[in-house]
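Peer 1: Below are the structure tokens for one structure; questions will follow.
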Amino acid sequence: MTLAPDAVRTMFDRIAPVYDVMNRVMTAGLDMRWRRLAAESVVRTGDRVLDAACGTGDLAIADLKAGAAQVTGLDFSENMLARARKKTRRRTDVLEWVQGDMLALPFADETFDAATVGFGVRNVADLELGLRELRRVLRPGGRLAILEITQPRGVLRPFFSLWFDRVVPALGKVLPGGSAYSYLPASVRRFPDAETLSSLLRAAGFGDVQVRLLAGSIVALHTGSAAE
Ligand SMILES: C[S@@+](CC[C@H](N)C(=O)[O-])C[C@H]1O[C@@H](n2cnc3c(N)ncnc32)[C@H](O)[C@@H]1O
């Protein structure tokens with residue numbers, strides 16, 4: 001099942017009130033650690049950073065903690081952005097929130113030193129275009145981190161199926177607005193595995209592509225550098 005961009009945006013507008021709680025519950029709180037690792041893998045002190053598909057802002061906040069001087073969070077869901085704004089209203093000097101489309105980033109070429117995307121690339125309608133856009137707005141040598149659920153091989157596969165096909169949609173049903181979580185299993189299943197995403201990153205103009213598998217290889221952290 002692939003949802004049209006408008007349907008994805010509407011879905012996240014509806015999920016926004018329960019999004020953070022669902023993240024903590026679904027990952028037993030590990031999601032914050034993964035975001036910290038993603039931020040620390042690419043952000044250097046003083047960087048100007050883009051967090052694309054920023055949602056409620058947790059990865060953008062992690063970028064700031066990792067040393068960024070200025071972080072721009074971009075998302076097309078106004079309700080997700082409203083949550084991010086509320087959480088960070090005392091940090092408007094270093095954090096800005098922009099409503100926009102990851103497939104047509106409203107920034108000039110080579111604007112950022114680093115970019116992060118947390119659990120966001122899985123939902124974009126044209127992944128290759130999204131990666132090329134991220135490459136375009138990074139300066140040469142700028143670094144990208146993509147944190148995403150991936151498809152594990154081996155012993156964890158049955159557990160993964162049980163979790164995403166049964167437990168997560170069931171959890172979603174008991175939370176207001178959470179019924180949209182029934183979409184999660186399909187979005188994970190149709191997303192490329194870690195090797196394929198690495199190839200797509202290279203094709204989009206990233207070098208030094210590396211993958212770190214987390215949580216028994218259920219989550220992948222890809223990093224790369226915009227080719228000079
Ligand atoms: C699963 S949430 C991830 C939020 C956040 N990055 C995090 O780490 O929790 C995915 C986000 O991607 C956003 N999104 C999906 N496609 C997008 C697009 N084409 N442009 C901008 N935002 C998009 C959704 O609105 C949603 O907030």
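Following the order of the structure tokens, first chain is A, next is B, and so on, with residues numbered from 1 inside each chain and ligands from 1 in the order they appear.
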Could you tell me, counting only C-alpha atoms and all ligand atoms, which protein and nucleic acid residues lie no more than 6 Å from ligand 1, written as an MDAnalysis selection string?
Peer 2: chainID A and resid 9 12 53:55 58:59 75:77 80 100:103 117:120 123:124
Peer 1: How would you write, as a VMD selection string, the set of residues in chain A that DSSP gives as alpha helix (DSSP H)?
Peer 2: chain A and resid 5 to 27 30 to 42 58 to 65 78 to 87 127 to 137 157 to 162 168 to 174 184 to 189 194 to 203
Peer 1: Looking at only C-alpha atoms, which of A:Val167, A:Val21, A:Ala194, A:Ala104 is the one that sits closest to Leu134 (chain A)?
Peer 2: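 Ranked by minimum distance to Leu134 (chain A), first place goes to A:Ala104.
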Peer 1: When DSSP works through the backbone of this structure, what residues of region 33-217 of chain A end up as strand (DSSP E), shown as a PyMOL selection string?
Peer 2: chain A and resi 48-52+70-75+95-99+112-118+138-149+206-214
Peer 1: Can you spit out the residues from that selection as a short mmCIF file (atom, residue, chain, number, x, y, z; two decimals), in the first residue's frame, using N, CA and C atoms?
Peer 2:
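Printed below is again00.cif as written:
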data_model
loop_
_atom_site.label_atom_id
_atom_site.label_comp_id
_atom_site.auth_asym_id
_atom_site.auth_seq_id
_atom_site.Cartn_x
_atom_site.Cartn_y
_atom_site.Cartn_z
N ARG A 48 25.23 24.36 10.73
CA ARG A 48 23.85 24.70 10.37
C ARG A 48 23.22 23.40 9.85
N VAL A 49 22.14 22.96 10.47
CA VAL A 49 21.62 21.61 10.22
C VAL A 49 20.16 21.67 9.77
N LEU A 50 19.82 20.81 8.81
CA LEU A 50 18.43 20.61 8.41
C LEU A 50 17.95 19.28 8.98
N ASP A 51 16.81 19.30 9.67
CA ASP A 51 16.17 18.03 10.04
C ASP A 51 14.90 17.93 9.20
N ALA A 52 14.96 17.09 8.16
CA ALA A 52 13.84 16.99 7.22
C ALA A 52 12.84 15.96 7.74
N GLN A 70 22.58 26.11 14.61
CA GLN A 70 21.25 26.50 14.10
C GLN A 70 20.60 25.27 13.47
N VAL A 71 19.37 24.98 13.83
CA VAL A 71 18.68 23.82 13.24
C VAL A 71 17.36 24.28 12.63
N THR A 72 17.15 23.84 11.39
CA THR A 72 15.87 24.08 10.71
C THR A 72 15.14 22.75 10.62
N GLY A 73 13.95 22.70 11.19
CA GLY A 73 13.12 21.49 11.07
C GLY A 73 12.07 21.74 10.01
N LEU A 74 11.93 20.79 9.09
CA LEU A 74 10.95 20.94 8.01
C LEU A 74 10.00 19.76 8.00
N ASP A 75 8.71 20.04 7.85
CA ASP A 75 7.72 18.97 7.76
C ASP A 75 6.51 19.52 7.01
N LEU A 95 16.41 27.42 16.78
CA LEU A 95 15.58 26.42 16.11
C LEU A 95 14.50 27.13 15.30
N GLU A 96 14.34 26.75 14.03
CA GLU A 96 13.20 27.28 13.28
C GLU A 96 12.43 26.12 12.67
N TRP A 97 11.13 26.30 12.54
CA TRP A 97 10.25 25.24 12.02
C TRP A 97 9.60 25.75 10.75
N VAL A 98 9.76 24.96 9.69
CA VAL A 98 9.28 25.39 8.38
C VAL A 98 8.32 24.35 7.83
N GLN A 99 7.16 24.81 7.38
CA GLN A 99 6.25 23.86 6.73
C GLN A 99 6.65 23.78 5.26
N PHE A 112 23.25 23.89 3.96
CA PHE A 112 23.46 23.25 5.27
C PHE A 112 24.79 22.48 5.34
N ASP A 113 25.32 22.39 6.57
CA ASP A 113 26.53 21.59 6.82
C ASP A 113 26.18 20.13 7.05
N ALA A 114 24.99 19.88 7.55
CA ALA A 114 24.57 18.50 7.85
C ALA A 114 23.05 18.42 7.77
N ALA A 115 22.56 17.21 7.52
CA ALA A 115 21.10 16.99 7.49
C ALA A 115 20.80 15.67 8.16
N THR A 116 19.64 15.62 8.80
CA THR A 116 19.19 14.38 9.43
C THR A 116 17.74 14.12 9.00
N VAL A 117 17.39 12.83 8.93
CA VAL A 117 15.99 12.45 8.67
C VAL A 117 15.71 11.25 9.57
N GLY A 118 14.73 11.38 10.44
CA GLY A 118 14.41 10.29 11.36
C GLY A 118 13.04 9.72 11.05
N LEU A 138 22.87 20.36 0.79
CA LEU A 138 24.07 20.20 1.62
C LEU A 138 25.27 20.80 0.88
N ARG A 139 26.16 21.42 1.64
CA ARG A 139 27.40 21.90 1.02
C ARG A 139 28.25 20.69 0.65
N PRO A 140 29.18 20.83 -0.32
CA PRO A 140 30.05 19.70 -0.62
C PRO A 140 30.78 19.25 0.65
N GLY A 141 30.77 17.96 0.90
CA GLY A 141 31.37 17.44 2.13
C GLY A 141 30.40 17.42 3.30
N GLY A 142 29.21 18.03 3.11
CA GLY A 142 28.20 18.03 4.16
C GLY A 142 27.70 16.61 4.42
N ARG A 143 27.24 16.36 5.64
CA ARG A 143 26.94 14.97 6.03
C ARG A 143 25.44 14.75 6.24
N LEU A 144 25.02 13.54 5.88
CA LEU A 144 23.60 13.16 6.01
C LEU A 144 23.48 11.93 6.89
N ALA A 145 22.49 11.95 7.80
CA ALA A 145 22.16 10.74 8.57
C ALA A 145 20.69 10.41 8.35
N ILE A 146 20.42 9.16 8.02
CA ILE A 146 19.04 8.69 7.87
C ILE A 146 18.80 7.56 8.85
N LEU A 147 17.84 7.79 9.72
CA LEU A 147 17.46 6.78 10.71
C LEU A 147 16.13 6.21 10.24
N GLU A 148 16.06 4.89 10.12
CA GLU A 148 14.82 4.33 9.57
C GLU A 148 14.64 2.89 10.04
N ILE A 149 13.39 2.50 10.17
CA ILE A 149 13.10 1.09 10.44
C ILE A 149 13.53 0.30 9.20
N PHE A 206 25.99 10.72 -2.77
CA PHE A 206 26.64 10.62 -1.45
C PHE A 206 27.78 9.62 -1.51
N GLY A 207 28.89 9.98 -0.87
CA GLY A 207 30.03 9.07 -0.77
C GLY A 207 30.19 8.63 0.67
N ASP A 208 31.16 7.75 0.89
CA ASP A 208 31.48 7.26 2.22
C ASP A 208 30.20 6.79 2.95
N VAL A 209 29.36 6.04 2.22
CA VAL A 209 28.09 5.60 2.80
C VAL A 209 28.34 4.46 3.78
N GLN A 210 27.83 4.62 4.99
CA GLN A 210 28.01 3.58 6.01
C GLN A 210 26.66 3.28 6.66
N VAL A 211 26.53 2.03 7.11
CA VAL A 211 25.27 1.63 7.77
C VAL A 211 25.61 1.06 9.13
N ARG A 212 24.85 1.49 10.10
CA ARG A 212 24.97 0.89 11.43
C ARG A 212 23.59 0.33 11.78
N LEU A 213 23.54 -0.95 12.10
CA LEU A 213 22.26 -1.56 12.44
C LEU A 213 22.06 -1.50 13.95
N LEU A 214 20.86 -1.10 14.36
CA LEU A 214 20.57 -0.92 15.79
C LEU A 214 19.41 -1.83 16.18
#
Peer 1: Please list as a list in words every residue within 7 Å of Ala66 (chain A), counting only C-alpha atoms and excluding residues in the same chain fewer than 6 positions away.
Peer 2: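 Residues near the query, excluding close chain neighbours: Ala39, Glu40 and Val43 of chain A.
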Peer 1: What does the distance from CA of Ser217 (chain A) to CA of Arg202 (chain A) come to in Å, to one decimal?
Peer 2: 21.2 Å
Peer 1: Smallest atom-to-atom distance to Ala60 (chain A): which of A:Thr10, A:Leu184, A:Arg35, A:Arg122, using only C-alpha atoms?
Peer 2: A:Arg35
Peer 1: Which of these residues is nearest to Glu195 (chain A), using only C-alpha atoms: A:Thr150, A:Ser161, A:Thr92, A:Thr45?
Peer 2: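 Among the listed residues, A:Thr150 lies closest to Glu195 (chain A).
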Peer 1: Would you pick out the contacts of Thr27 (chain A) at 10 Å or less, using only C-alpha atoms, so that residues sharing its chain but fewer than 5 positions from it are not included, and give the list as a PyMOL selection string?
Peer 2: chain A and resi 22+32+215
Peer 1: In Å, how far is it from CA of Gly67 (chain A) to CA of Glu133 (chain A)?
Peer 2: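 Interatomic distance here is 23.9 Å.
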Peer 1: For CA of Phe164 (chain A) and CA of Met26 (chain A), determine how far apart the two atoms are, in Å to one decimal place.
Peer 2: 9.3 Å
